[in-house]
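Notes follow the structure.
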Amino acid sequence: MIHPRDILLGAQAQTGFLPVCDHYSGVEARMRKSLQLQAEMMEEFGACVFDVTLDCEDGAPVGGEADHAALVVALVALASSKARVAVRVHALDHPAFEADIASIAGQVGDRLSHIMVPKIESAGDVNRVVSALAAVDQNDVPIHVLLESPAAVHHAFEIAAHPRVQSISFGLMDFVSSHGGAIPGEAMGSQGQFVHPLVVRAKLEIASSCHAWGKVPSHCVVTEFSDTAALKTAAKKAAREFGYTRMWSIHPGQIRPILEAFAPDEGEIENATKIIAAGSRNDWAPVSFEGQLHDRASYRYFWQILARAHQTGRVLPAEAQPYFSAAPH
């Protein structure tokens, strides 16, 4: 039997490979709790349903960058081999950037799911990151980037085209503040960020560029972390209307609502299972299913539904479960 991922995957299929939630924490107690929660939920769902990104940029106290980097190294080293642990280093123009790369990537780079670099402005900046990683013999670790300015968004397509970039995130608050007051503060809120034209345009540019190059668009945070309803609404908009396949979390209480918002519903999962099974039985030739024609284009879509269901911890029909028994997470 030919596995769907071997026959159907095109440029856009990369978006199914990462967990839909990327959880950020930078304080020691919260970093430890995040890793513990990841292990518990991995046991619960049978898959790693969210990444843990240990934060140096906002987590390290001024003057304490080296000690914080050493703490991150220790936490990564202690994490399970099945864990997905990443690190956000300081920006390229920060004095601690090279030290972060040397200390963290140089010691535990092979244990990292990816490295997040903030304030990337161009593909040239990505090349600088690649060179820094090469200096510590880390030539394979995926690079995630955070776009936070109008110029960065303008270069989104060339950044997404870079072969080492796996995912692009949108830095909402820095983007708004970089406009010198031209965008009102409410555009940083859970509702306003989906309304203001410049913010909407930036989000769509990033999502479009990622899908054009088979990369993962990751949606920004919702800062009202105690407002679960606002988070659910924002997450659903990001997933259903803006084309994002991943979203940041900054509080443990945001993780499950993000998983729910990005997950297909039961009807979608059941329908996708039937269509993928029909395609497989017919060696992926076109088939008629419930009065509709399906071929490899629609098979790809429905396979991605199943992949998303798996990544969000949904219970799959028995017929679909074998596809994920040895699937990469």
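Naming works like this for the structure tokens: A, B, ... for the chains as they're shown, residue 1 at the start of each chain, ligands 1 onward in shown order.
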Tell me, counting only C-alpha atoms, for each residue of stretch 136-196 of chain A within 8 Å of stretch 99-113 of chain A, which pair of atoms is nearest and how far apart they are in Å to one decimal, in rows ordered by chain and increasing number, as JSON lines.
{"residue": "A:Val136", "atom": "CA", "partner": "A:Gly106", "partner_atom": "CA", "distance": 5.1}
{"residue": "A:Asp137", "atom": "CA", "partner": "A:Gly106", "partner_atom": "CA", "distance": 7.4}
{"residue": "A:Gln138", "atom": "CA", "partner": "A:Gly109", "partner_atom": "CA", "distance": 6.5}
{"residue": "A:Val141", "atom": "CA", "partner": "A:Gly109", "partner_atom": "CA", "distance": 6.8}
{"residue": "A:Pro142", "atom": "CA", "partner": "A:Ser113", "partner_atom": "CA", "distance": 7.0}
| task | Extract, using only C-alpha atoms, all DNA, RNA and protein residues at most 9 Å from stretch 287-290 of chain A, discarding same-chain residues fewer than 5 positions from it, and format them as a ChimeraX atom specification. | result | /A:274-275,278-279,282,295
Need the shell around A:Ser249: protein/DNA/RNA residues with any atom at most 9 Å away, counting only C-alpha atoms. Skip same-chain ones fewer than 5 positions apart. Format as a short mmCIF file (atom, residue, chain, number, x, y, z; two decimals) with C-alpha atoms, in the first residue's frame?
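Generated output (part-v9.cif):
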data_model
loop_
_atom_site.label_atom_id
_atom_site.label_comp_id
_atom_site.auth_asym_id
_atom_site.auth_seq_id
_atom_site.Cartn_x
_atom_site.Cartn_y
_atom_site.Cartn_z
CA CYS A 21 0.27 25.24 18.92
CA ASP A 22 3.61 26.81 19.82
CA HIS A 23 3.76 27.57 23.55
CA TYR A 24 6.18 30.25 24.78
CA SER A 25 7.61 30.56 28.28
CA CYS A 220 0.40 35.79 16.77
CA VAL A 221 -0.56 35.75 20.43
CA VAL A 222 -3.80 36.79 22.05
CA PHE A 225 -4.88 35.25 28.15
CA GLN A 254 -4.59 28.80 25.88
CA ILE A 255 -3.24 25.48 24.60
CA ILE A 258 -6.05 26.51 20.27
#
So that each row is one residue of stretch 121-159 of chain A with an atom at most 12 Å from stretch 180-203 of chain A, can you give its shortest atom pair and the distance in Å to one decimal, using only C-alpha atoms, rows by chain and rising number, as a tab-separated table?
residue	atom	partner	partner_atom	distance
A:Leu147	CA	A:Ala202	CA	9.5
A:Glu148	CA	A:Ala202	CA	9.6
A:Ser149	CA	A:Ala202	CA	9.3
A:Pro150	CA	A:Ala202	CA	7.8
A:Ala151	CA	A:Ala202	CA	10.4
A:Ala152	CA	A:Ala202	CA	9.6
A:Val153	CA	A:Ala202	CA	6.1
A:His154	CA	A:Ala202	CA	8.4
A:His155	CA	A:Ala202	CA	10.9
A:Ala156	CA	A:Ala202	CA	9.2
A:Phe157	CA	A:Ala202	CA	11.8
| said: Could you check the closest approach to A:Arg308 for each of A:Arg246, A:His3, A:Arg281, A:His179 and tell me which residue wins, using only C-alpha atoms? | reply: A:Arg246
| DSSP-assigned alpha helix (DSSP H) among stretch 131-184 of chain A, expressed as a VMD selection string | chain A and resid 131 to 134 150 to 154 156 to 160 172 to 177
| Could you work out how far atom CA of A:Thr312 lies from atom CA of A:Arg84, giving the answer in Å with one decimal? |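 A separation of 14.5 Å between them.
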